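Participant: Data file upload_8.cif (mmCIF, C-alpha atoms) is appended below.
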```
data_entry
loop_
_atom_site.label_atom_id
_atom_site.label_comp_id
_atom_site.auth_asym_id
_atom_site.auth_seq_id
_atom_site.Cartn_x
_atom_site.Cartn_y
_atom_site.Cartn_z
CA PRO A 1 -53.06 204.61 -205.35
CA ALA A 2 -50.42 201.90 -205.40
CA THR A 3 -53.03 199.34 -204.35
CA LEU A 4 -55.29 200.37 -207.21
CA ARG A 5 -52.39 200.01 -209.66
CA VAL A 6 -51.61 196.51 -208.37
CA VAL A 7 -55.21 195.40 -208.72
CA ASN A 8 -56.53 197.24 -211.78
CA ASP A 9 -53.67 198.19 -214.10
CA LYS A 10 -53.69 196.29 -217.40
CA ALA A 11 -49.91 196.42 -217.88
CA ALA A 12 -48.08 193.60 -216.12
CA GLN A 13 -44.92 195.66 -215.72
CA CYS A 14 -46.84 198.47 -214.04
CA ARG A 15 -48.47 196.01 -211.63
CA GLU A 16 -45.08 194.55 -210.73
CA GLN A 17 -43.58 197.99 -210.07
CA ALA A 18 -46.55 199.02 -207.93
CA ALA A 19 -46.21 195.81 -205.90
CA ALA A 20 -42.50 196.52 -205.39
CA VAL A 21 -43.36 200.01 -204.13
CA ILE A 22 -45.83 198.61 -201.58
CA VAL A 23 -43.26 196.10 -200.30
CA ALA A 24 -40.66 198.86 -199.95
CA LEU A 25 -43.10 201.12 -198.09
CA VAL A 26 -44.11 198.34 -195.70
CA ARG A 27 -40.44 197.80 -194.82
CA LYS A 28 -39.88 201.53 -194.20
CA VAL A 29 -42.90 202.56 -192.16
CA SER A 30 -43.45 201.95 -188.45
CA PRO A 31 -44.95 198.71 -187.11
CA GLU A 32 -48.12 200.59 -186.09
CA THR A 33 -48.69 201.65 -189.69
CA VAL A 34 -48.16 198.09 -190.96
CA LEU A 35 -50.67 196.78 -188.42
CA GLN A 36 -53.14 199.35 -189.67
CA PHE A 37 -52.60 198.12 -193.23
CA GLN A 38 -53.26 194.61 -192.00
CA GLU A 39 -56.53 195.69 -190.43
CA TYR A 40 -57.63 197.01 -193.82
CA VAL A 41 -56.73 193.71 -195.45
CA ILE A 42 -58.59 191.64 -192.84
CA ARG A 43 -61.63 193.87 -193.26
CA TRP A 44 -61.59 193.43 -197.04
CA LEU A 45 -61.26 189.66 -196.82
CA SER A 46 -63.93 189.29 -194.13
CA GLN A 47 -66.43 191.46 -196.00
CA ALA A 48 -68.15 188.51 -197.66
CA MET A 49 -67.59 185.99 -194.86
CA PRO A 50 -70.57 185.05 -192.67
CA MET A 51 -70.00 184.99 -188.96
CA GLY A 52 -69.76 181.86 -186.85
CA ASP A 53 -70.85 178.46 -188.07
CA GLN A 54 -72.72 179.85 -191.06
CA GLN A 55 -69.52 179.78 -193.09
CA TYR A 56 -69.55 175.96 -192.98
CA ALA A 57 -73.19 175.68 -193.97
CA ILE A 58 -72.97 177.33 -197.36
CA THR A 59 -73.85 174.67 -199.90
CA ASN A 60 -76.55 175.97 -202.22
CA SER A 61 -75.78 178.00 -205.31
CA SER A 62 -78.09 180.88 -204.45
CA THR A 63 -76.22 181.61 -201.21
CA THR A 64 -72.90 181.37 -203.04
CA ALA A 65 -74.05 183.76 -205.75
CA ALA A 66 -75.26 186.23 -203.13
CA LEU A 67 -71.88 186.20 -201.40
CA LEU A 68 -69.81 186.40 -204.56
CA THR A 69 -71.14 189.69 -205.83
CA THR A 70 -69.00 191.99 -207.96
CA GLN A 71 -68.05 194.09 -204.95
CA SER A 72 -67.25 191.05 -202.82
CA LYS A 73 -65.04 189.53 -205.51
CA SER A 74 -63.17 192.81 -205.92
CA LEU A 75 -62.53 192.99 -202.18
CA ILE A 76 -61.37 189.36 -202.07
CA ARG A 77 -58.98 189.92 -204.97
CA THR A 78 -57.61 193.16 -203.48
CA GLY A 79 -57.27 191.78 -199.97
CA SER A 80 -55.48 188.60 -201.04
CA GLN A 81 -52.97 190.47 -203.22
CA ILE A 82 -52.11 193.17 -200.67
CA ALA A 83 -51.97 190.64 -197.84
CA GLY A 84 -49.36 188.68 -199.77
CA LEU A 85 -47.27 191.83 -200.24
CA ILE A 86 -47.45 192.69 -196.52
CA VAL A 87 -46.40 189.15 -195.61
CA LYS A 88 -43.49 189.45 -198.02
CA GLY A 89 -42.41 192.83 -196.62
CA ARG A 90 -42.94 192.34 -192.86
CA PRO A 91 -43.67 188.71 -192.04
CA ASP A 92 -42.83 189.22 -188.35
CA LEU A 93 -45.77 191.59 -187.87
CA CYS A 94 -48.27 189.14 -189.37
CA LYS A 95 -48.10 187.06 -186.19
CA ARG A 96 -49.54 189.85 -184.06
CA ASP A 97 -53.20 190.17 -183.13
CA ASN A 98 -53.98 186.73 -184.56
CA HIS A 99 -53.71 188.12 -188.11
CA LEU A 100 -52.12 184.97 -189.50
CA THR A 101 -54.99 182.78 -188.31
CA LYS A 102 -57.50 185.20 -189.78
CA LEU A 103 -55.74 185.14 -193.15
CA VAL A 104 -55.63 181.32 -193.24
CA THR A 105 -59.29 181.09 -192.23
CA SER A 106 -60.26 183.49 -195.02
CA VAL A 107 -58.26 181.55 -197.58
CA HIS A 108 -59.85 178.29 -196.43
CA PHE A 109 -63.39 179.66 -196.57
CA TYR A 110 -63.13 181.26 -200.02
CA MET A 111 -61.19 178.34 -201.52
CA ARG A 112 -63.92 175.89 -200.58
CA LEU A 113 -66.64 178.29 -201.69
CA LEU A 114 -65.07 178.94 -205.10
CA LEU A 115 -64.12 175.31 -205.78
CA GLU A 116 -67.63 174.11 -204.96
CA HIS A 117 -69.01 176.88 -207.15
CA SER A 118 -66.76 175.91 -210.07
CA THR A 119 -67.29 172.14 -209.82
CA GLY A 120 -70.98 172.31 -208.96
CA GLN A 121 -70.72 169.82 -206.09
CA GLU A 122 -70.02 169.93 -202.38
CA LEU A 123 -66.52 169.04 -201.25
CA THR A 124 -66.26 166.59 -198.36
CA ARG A 125 -63.46 164.46 -197.02
CA GLN A 126 -65.23 161.29 -198.16
CA GLY A 127 -66.37 162.48 -201.57
CA SER A 128 -64.51 165.11 -203.55
CA SER A 129 -64.07 166.22 -207.13
CA CYS A 130 -60.89 164.20 -207.60
CA ASP A 131 -62.55 162.05 -210.24
CA LYS A 132 -60.59 162.09 -213.46
CA ARG A 133 -61.65 164.85 -215.79
CA GLU A 134 -60.17 166.52 -218.82
CA PHE A 135 -58.43 169.87 -218.52
CA GLU A 136 -60.80 172.05 -220.47
CA GLU A 137 -59.57 175.61 -220.00
CA GLY A 138 -62.67 177.56 -218.99
CA GLN A 139 -61.16 181.05 -218.72
CA GLY A 140 -57.95 181.59 -220.63
CA GLU A 141 -54.99 183.58 -219.38
CA LEU A 142 -56.66 186.69 -220.81
CA GLY A 143 -59.87 186.16 -218.83
CA ARG A 144 -61.14 188.59 -216.21
CA ALA A 145 -59.10 188.63 -213.00
CA ASP A 146 -62.23 188.86 -210.85
CA SER A 147 -63.60 185.64 -212.32
CA CYS A 148 -63.48 182.37 -210.42
CA TRP A 149 -60.01 181.38 -211.61
CA GLY A 150 -58.56 184.79 -210.76
CA LEU A 151 -59.83 184.69 -207.19
CA ILE A 152 -58.57 181.15 -206.61
CA TYR A 153 -55.20 182.06 -208.11
CA HIS A 154 -54.64 185.04 -205.79
CA LEU A 155 -55.81 183.08 -202.73
CA VAL A 156 -53.38 180.27 -203.47
CA CYS A 157 -50.62 182.85 -204.04
CA LEU A 158 -51.35 184.26 -200.59
CA CYS A 159 -50.99 180.79 -199.09
CA GLU A 160 -47.68 180.43 -200.94
CA GLN A 161 -46.37 183.68 -199.43
CA LEU A 162 -47.37 182.50 -195.96
CA LEU A 163 -45.50 179.20 -196.33
CA LEU A 164 -42.48 180.95 -197.83
CA HIS A 165 -42.00 183.66 -195.21
CA LEU A 166 -43.73 182.11 -192.16
CA PRO A 167 -43.34 178.35 -192.69
CA ALA A 168 -43.76 177.15 -189.11
CA ALA A 169 -46.51 179.57 -188.09
CA ALA A 170 -48.41 179.11 -191.37
CA ASP A 171 -48.14 175.32 -191.12
CA HIS A 172 -49.56 175.42 -187.61
CA ALA A 173 -52.43 177.69 -188.68
CA ILE A 174 -53.21 175.47 -191.69
CA THR A 175 -53.43 172.31 -189.57
CA HIS A 176 -55.39 174.02 -186.78
CA ILE A 177 -58.33 175.59 -188.58
CA PRO A 178 -61.05 175.78 -185.92
CA PRO A 179 -63.82 173.20 -186.36
CA SER A 180 -67.49 174.03 -186.45
CA SER A 181 -69.21 174.01 -183.07
CA ALA A 182 -72.32 172.70 -184.83
CA GLY A 183 -70.46 169.51 -185.77
CA LEU A 184 -70.29 170.28 -189.50
CA GLU A 185 -67.42 168.82 -191.47
CA VAL A 186 -64.37 170.98 -192.15
CA VAL A 187 -62.33 170.03 -195.22
CA PRO A 188 -58.60 170.62 -194.55
CA LEU A 189 -57.01 173.48 -196.46
CA MET A 190 -54.42 171.20 -198.05
CA GLU A 191 -57.26 169.03 -199.33
CA LEU A 192 -58.57 172.11 -201.11
CA MET A 193 -55.09 172.82 -202.47
CA GLN A 194 -55.06 169.34 -203.96
CA GLU A 195 -58.44 170.06 -205.51
CA SER A 196 -57.06 173.22 -207.09
CA LEU A 197 -54.52 170.98 -208.86
CA LEU A 198 -57.40 169.86 -211.06
CA PHE A 199 -58.75 173.34 -211.73
CA PRO A 200 -59.07 174.06 -215.48
CA HIS A 201 -56.53 176.88 -215.55
CA ALA A 202 -52.76 176.55 -215.94
CA TRP A 203 -51.90 179.39 -213.56
CA VAL A 204 -53.97 177.92 -210.74
CA ARG A 205 -52.42 174.47 -211.21
CA ALA A 206 -48.89 175.88 -211.30
CA VAL A 207 -49.15 177.83 -208.04
CA SER A 208 -51.00 174.94 -206.36
CA VAL A 209 -48.08 172.62 -207.13
CA ARG A 210 -45.68 175.12 -205.58
CA VAL A 211 -47.77 175.30 -202.40
CA LEU A 212 -47.95 171.51 -202.05
CA LEU A 213 -44.21 171.28 -202.65
CA LEU A 214 -43.55 173.75 -199.82
CA TYR A 215 -45.94 171.80 -197.61
CA THR A 216 -44.34 168.39 -198.25
CA LYS A 217 -40.79 169.73 -197.81
CA ARG A 218 -41.59 170.36 -194.14
CA ARG A 219 -42.42 166.68 -193.70
CA ASP A 220 -40.79 163.29 -193.96
CA VAL A 221 -42.13 159.93 -195.11
CA SER A 222 -41.71 158.37 -191.65
CA ARG A 223 -44.86 158.17 -189.57
CA ALA A 224 -43.47 160.33 -186.78
CA ARG A 225 -42.60 163.20 -189.14
CA LEU A 226 -45.44 162.86 -191.60
CA SER A 227 -47.27 165.44 -189.50
CA THR A 228 -45.73 168.51 -187.87
CA SER A 229 -48.31 168.65 -185.08
CA ALA A 230 -49.70 165.96 -182.84
CA ASP A 231 -53.02 167.70 -182.21
CA GLY A 232 -53.61 169.22 -185.65
CA THR A 233 -55.64 168.02 -188.64
CA GLU A 234 -53.07 166.50 -190.98
CA VAL A 235 -54.42 165.61 -194.41
CA LEU A 236 -51.58 163.15 -195.09
CA THR A 237 -52.35 160.99 -192.04
CA THR A 238 -56.08 160.70 -192.64
CA PRO A 239 -57.35 157.36 -194.03
CA ASN A 240 -56.56 157.21 -197.76
CA GLY A 241 -55.23 160.78 -197.65
CA LEU A 242 -51.98 159.77 -199.36
CA TYR A 243 -53.91 157.77 -201.94
CA HIS A 244 -56.17 160.67 -202.89
CA MET A 245 -53.20 163.01 -203.20
CA ALA A 246 -51.34 160.52 -205.41
CA ARG A 247 -54.45 160.11 -207.52
CA ARG A 248 -54.76 163.85 -208.10
CA LEU A 249 -51.08 164.14 -208.96
CA CYS A 250 -51.42 161.34 -211.51
CA VAL A 251 -54.32 163.19 -213.12
CA VAL A 252 -52.10 166.27 -213.38
CA LEU A 253 -49.33 164.21 -214.97
CA ASN A 254 -51.76 162.89 -217.58
CA GLN A 255 -51.40 165.94 -219.81
CA THR A 256 -50.12 166.33 -223.33
CA SER A 257 -47.81 169.21 -222.37
CA MET A 258 -46.45 170.78 -219.18
CA ASN A 259 -43.70 173.28 -218.46
CA ARG A 260 -40.50 172.05 -216.86
CA THR A 261 -40.92 173.87 -213.54
CA MET A 262 -44.39 172.50 -212.91
CA LEU A 263 -43.33 169.02 -214.02
CA ASP A 264 -40.45 169.00 -211.54
CA GLY A 265 -42.81 170.05 -208.74
CA VAL A 266 -45.42 167.41 -209.58
CA VAL A 267 -42.78 164.68 -209.82
CA SER A 268 -41.25 165.69 -206.48
CA CYS A 269 -44.66 165.59 -204.77
CA THR A 270 -45.49 162.26 -206.41
CA VAL A 271 -42.23 160.67 -205.27
CA PHE A 272 -42.82 161.90 -201.71
CA VAL A 273 -46.37 160.54 -201.62
CA ILE A 274 -45.41 157.14 -203.03
CA ARG A 275 -42.56 156.78 -200.53
CA ALA A 276 -44.94 157.75 -197.73
CA MET A 277 -47.48 155.17 -198.91
CA ILE A 278 -44.81 152.47 -198.87
CA ARG A 279 -43.60 153.41 -195.40
CA ASN A 280 -47.14 153.76 -194.01
CA PRO A 281 -49.32 151.05 -195.59
CA ASP A 282 -51.81 151.20 -192.72
CA LEU A 283 -52.93 154.66 -193.88
CA ASN A 284 -54.24 153.11 -197.08
CA GLN A 285 -57.58 151.40 -196.54
CA VAL A 286 -56.96 148.67 -199.11
CA SER A 287 -53.49 147.80 -197.88
CA SER A 288 -54.65 147.73 -194.26
CA GLN A 289 -57.28 145.16 -195.20
CA LEU A 290 -54.63 143.07 -196.90
CA LEU A 291 -52.46 143.26 -193.81
CA LYS A 292 -55.33 142.06 -191.64
CA ALA A 293 -56.03 139.20 -194.04
CA SER A 294 -52.38 138.13 -194.07
CA LYS A 295 -52.30 137.94 -190.26
CA ARG A 296 -55.23 135.52 -190.04
CA PRO A 297 -54.17 131.93 -189.13
CA ARG A 298 -54.71 129.39 -191.88
CA LYS A 299 -56.99 126.51 -190.98
CA GLY A 300 -56.01 123.07 -192.25
CA ARG A 301 -57.89 119.83 -192.49
CA SER A 302 -57.01 118.84 -188.94
CA SER A 303 -58.60 121.96 -187.46
CA LYS A 304 -61.67 121.47 -189.55
CA SER A 305 -61.97 117.81 -188.48
CA HIS A 306 -61.60 118.74 -184.81
CA ALA A 307 -64.33 121.32 -185.19
CA LEU A 308 -66.76 118.63 -186.34
CA SER A 309 -68.46 116.32 -183.87
CA GLY A 310 -70.43 113.06 -183.86
CA ALA A 311 -70.59 110.25 -186.38
CA ASP A 312 -70.88 112.59 -189.33
CA SER A 313 -67.51 114.12 -188.57
CA ASP A 314 -65.93 110.65 -188.30
CA ASP A 315 -67.42 109.59 -191.63
CA GLU A 316 -66.19 112.74 -193.32
CA GLU A 317 -62.73 112.28 -191.85
CA ASN A 318 -62.56 108.64 -192.98
CA GLN A 319 -63.79 109.61 -196.44
CA GLU A 320 -61.09 112.29 -196.68
CA GLU A 321 -58.43 109.77 -195.62
CA ASP A 322 -59.62 107.29 -198.27
CA GLU A 323 -59.55 109.97 -200.93
CA ASP A 324 -56.05 111.00 -199.87
CA ALA A 325 -54.89 107.40 -200.05
CA GLU A 326 -56.35 106.95 -203.55
CA ASP A 327 -54.71 110.21 -204.62
CA ASP A 328 -51.38 109.01 -203.28
CA ASP A 329 -51.71 105.69 -205.19
CA ASN A 330 -52.57 107.52 -208.38
CA ASP A 331 -49.63 109.84 -207.88
CA ASP A 332 -47.29 106.88 -207.34
CA ASP A 333 -48.53 105.22 -210.55
CA GLU A 334 -48.06 108.40 -212.50
CA GLU A 335 -44.57 108.84 -211.08
CA ASP A 336 -43.65 105.25 -212.08
CA GLU A 337 -44.91 105.84 -215.61
CA ASP A 338 -42.96 109.07 -215.82
CA VAL A 339 -39.79 107.35 -214.62
CA GLU A 340 -40.19 104.52 -217.18
CA ASN A 341 -40.81 106.97 -219.99
CA PHE A 342 -37.83 109.01 -218.89
CA ASP A 343 -35.58 105.92 -218.80
CA ASP A 344 -36.70 104.80 -222.27
CA ALA A 345 -36.13 108.26 -223.66
CA GLY A 346 -32.70 108.37 -222.02
CA GLU A 347 -31.70 105.03 -223.51
CA GLU A 348 -32.81 106.05 -226.99
CA ALA A 349 -30.98 109.36 -226.70
CA GLY A 350 -27.84 107.58 -225.49
CA GLU A 351 -27.89 105.16 -228.43
CA GLU A 352 -28.30 108.00 -230.89
CA LEU A 353 -25.40 109.93 -229.37
CA ALA A 354 -23.18 106.87 -229.41
CA GLN A 355 -24.00 106.16 -233.05
CA ALA A 356 -23.33 109.78 -234.00
CA ALA A 357 -19.95 109.68 -232.24
CA MET A 358 -18.96 106.52 -234.13
CA ASP A 359 -20.00 108.04 -237.44
CA ARG A 360 -17.94 111.18 -236.76
CA ALA A 361 -14.93 109.10 -235.85
CA ILE A 362 -15.19 107.09 -239.06
CA ASP A 363 -16.30 109.66 -241.60
CA GLY A 364 -14.93 112.86 -239.98
CA GLY A 365 -16.62 116.15 -240.70
CA GLU A 366 -18.82 114.82 -243.51
CA SER A 367 -20.83 112.57 -241.24
CA GLU A 368 -21.29 115.46 -238.84
CA ASN A 369 -22.66 117.70 -241.58
CA GLU A 370 -24.95 114.96 -242.76
CA GLU A 371 -26.20 114.39 -239.22
CA ASP A 372 -26.91 118.15 -238.86
CA GLU A 373 -28.85 118.22 -242.09
CA LYS A 374 -30.88 115.20 -240.94
CA ASP A 375 -31.62 116.95 -237.62
#
```
Starting from the file, give its structure as structure tokens.

Facilitator:
Amino acid sequence: PATLRVVNDKAAQCREQAAAVIVALVRKVSPETVLQFQEYVIRWLSQAMPMGDQQYAITNSSTTAALLTTQSKSLIRTGSQIAGLIVKGRPDLCKRDNHLTKLVTSVHFYMRLLLEHSTGQELTRQGSSCDKREFEEGQGELGRADSCWGLIYHLVCLCEQLLLHLPAAADHAITHIPPSSAGLEVVPLMELMQESLLFPHAWVRAVSVRVLLLYTKRRDVSRARLSTSADGTEVLTTPNGLYHMARRLCVVLNQTSMNRTMLDGVVSCTVFVIRAMIRNPDLNQVSSQLLKASKRPRKGRSSKSHALSGADSDDEENQEEDEDAEDDDNDDDEEDEDVENFDDAGEEAGEELAQAAMDRAIDGGESENEEDEKD
């Protein structure tokens, strides 16, 4: 009954009280009972998930529509909400029986499925939906909770609870999502979180910023600490990963209005990413090309002349020497003319200053005023 109140009650206060009851019960009951609750949650979340490599091969809209039926969406919404409450009440028990990995895998699968469904394009690590677009609110805050925005919101909230109460274990699970044995591309979960920053709903954007802030706080801008695992898939150390994250954050900042809490989170993430880009220029594809170009030795005329051979090279070298000599003569003539002009101008200026000084000495202040008026 408490679960039904959390999921279906229209009053926000009633939902909050029911959630508090579930957290209190989870803390009071035995570990065996909590593990049984977790089995229910895993079963609800895995209800719409295909088995094996099929989960990475879902790209067409018909397959997505078949998976996201009304019953499947209700189970996803219920499972994500109750899972977050269990993590909040007994985070230590979520590490047992590989439950944490199963929760992260479910969040990753449904996040990619829903974001591709909402944007109408497949998300890959090379091409994503990070192109600038306006924030047109599709479903307002009063929209149905089992719609696309509601499901994404509760999934991101579950990820937030995992990073809050199990930071190290959740970070390891996020960076170690198992790849497809068929060789299909797996988009990192934090890449999907960055995509949810651009989702046209304020609630989704707000919780996504909080998740990214928790994620970046466990890292440092130095290369050694930019990733918490040497063998994991770190989105920040991938080529242009920092650039794409900065680009998405800038799109979020380009809004007419934003609440103070979300603004502080976006600014903190932006500062971290920019500092990381400065400390690790090789991770940016453009800057790495500039570094390579700057390290190339410059070739002068001597190296070019040595590379040539035969009479043609001698003729070209002699012609270049003649041209250089003519240029030097022209430069000397121009310098002489400039010196003469400068001397003449100096003499004229000196005569004028001397005359003005004599006039001031003879006539006093009147001659000075007259000279100023003439100037």

Participant: Skip range 255-269 of chain A itself and residues of its chain fewer than 4 positions away, then list as a VMD selection string all residues within 8 Å of it, counting all atoms listed in the file.

Facilitator: chain A and resid 206 209 to 210 212 to 213 216 249 251 273

Participant: Rank nothing, just name the residue among A:Val34, A:Val252, A:Val104, A:Leu25 nearest to Pro200 in chain A, using only C-alpha atoms.

Facilitator: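 Once distances to Pro200 in chain A are computed over only C-alpha atoms, the minimum belongs to A:Val252.
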
Participant: One number please: CA of Arg279 in chain A to CA of Glu191 in chain A, in Å, one decimal.

Facilitator: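 Calculated distance between CA of Arg279 in chain A and CA of Glu191 in chain A is 21.1 Å.
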
Participant: Pull the neighbourhood of (-62.6, 176.4, -203.2) for me: all residues within 6 Å in file coordinates, counting only C-alpha atoms, as number ranges by chain.

Facilitator: A: 110-116

Participant: How about saving the chosen residues, C-alpha atoms kept, as a PDB file, keeping the file's coordinate frame?

Facilitator:
```
ATOM      1  CA  TYR A 110     -63.130 181.260-200.020  1.00  0.00           C
ATOM      2  CA  MET A 111     -61.190 178.340-201.520  1.00  0.00           C
ATOM      3  CA  ARG A 112     -63.920 175.890-200.580  1.00  0.00           C
ATOM      4  CA  LEU A 113     -66.640 178.290-201.690  1.00  0.00           C
ATOM      5  CA  LEU A 114     -65.070 178.940-205.100  1.00  0.00           C
ATOM      6  CA  LEU A 115     -64.120 175.310-205.780  1.00  0.00           C
ATOM      7  CA  GLU A 116     -67.630 174.110-204.960  1.00  0.00           C
TER       8      GLU A 116
END
```

Participant: I need the residue nearest Val7 in chain A from this list: A:Pro31, A:Pro281, A:Gly241, A:Gly79. Use only C-alpha atoms for the distance.

Facilitator: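 Nearest to Val7 in chain A: A:Gly79.
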
Participant: Could you give me, as a PyMOL selection string, the residues within 12 Å of Val6 in chain A, counting all atoms listed in the file and dropping anything in the same chain fewer than 3 positions from it?

Facilitator: chain A and resi 1-3+9-23+77-82+84-85+145

Participant: For CA of Leu93 in chain A and CA of His176 in chain A, determine how far apart the two atoms are, in Å to one decimal place.

Facilitator: 20.1 Å

Participant: Residues picked by the PyMOL selection byres ((chain A and resi 159) around 9) here, as number ranges by chain?

Facilitator: A: 84, 103-104, 107, 154-158, 160-164, 170, 211

Participant: The selected residues should be written to file as a CSV table (one decimal), in the coordinates of the input (atoms: C-alpha atoms).

Facilitator:
```csv
chain,number,residue,atom,x,y,z
A,84,GLY,CA,-49.4,188.7,-199.8
A,103,LEU,CA,-55.7,185.1,-193.2
A,104,VAL,CA,-55.6,181.3,-193.2
A,107,VAL,CA,-58.3,181.6,-197.6
A,154,HIS,CA,-54.6,185.0,-205.8
A,155,LEU,CA,-55.8,183.1,-202.7
A,156,VAL,CA,-53.4,180.3,-203.5
A,157,CYS,CA,-50.6,182.8,-204.0
A,158,LEU,CA,-51.4,184.3,-200.6
A,160,GLU,CA,-47.7,180.4,-200.9
A,161,GLN,CA,-46.4,183.7,-199.4
A,162,LEU,CA,-47.4,182.5,-196.0
A,163,LEU,CA,-45.5,179.2,-196.3
A,164,LEU,CA,-42.5,181.0,-197.8
A,170,ALA,CA,-48.4,179.1,-191.4
A,211,VAL,CA,-47.8,175.3,-202.4
```

Participant: Going by the chain IDs and residue numbers used in this file, which residues fall under the PyMOL selection byres ((chain A and resi 229-236) around 7)? Write them as an NGL selection string.

Facilitator: :A and (175-176 or 188 or 190-191 or 227-228 or 237-238 or 241-242)

Participant: Those same residues - C-alpha atoms - I'd like them written as a CSV table (one decimal), in the coordinates of the input.

Facilitator:
```csv
chain,number,residue,atom,x,y,z
A,175,THR,CA,-53.4,172.3,-189.6
A,176,HIS,CA,-55.4,174.0,-186.8
A,188,PRO,CA,-58.6,170.6,-194.6
A,190,MET,CA,-54.4,171.2,-198.0
A,191,GLU,CA,-57.3,169.0,-199.3
A,227,SER,CA,-47.3,165.4,-189.5
A,228,THR,CA,-45.7,168.5,-187.9
A,237,THR,CA,-52.4,161.0,-192.0
A,238,THR,CA,-56.1,160.7,-192.6
A,241,GLY,CA,-55.2,160.8,-197.6
A,242,LEU,CA,-52.0,159.8,-199.4
```

Participant: With only C-alpha atoms as the atoms that count, which of A:Glu32, A:Glu39, A:Asp282, A:Glu195 lies nearest to Pro239 in chain A?

Facilitator: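 So, comparing all the options, the nearest one is A:Asp282.
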
Participant: Using the chain letters and residue numbers of this document, give as a PyMOL selection string the residues selected by the PyMOL selection byres ((chain A and resi 221) around 8).

Facilitator: chain A and resi 219-220+222-223+225-226+272-273+275-276+279

Participant: Counting only C-alpha atoms, which residue out of A:Leu283, A:Ile86, A:Ile76, A:Met277 sits closest to Gly150 in chain A?

Facilitator: A:Ile76

Participant: Mind pulling up the distance from CA of Met245 in chain A to CA of Gln194 in chain A?

Facilitator: 6.6 Å
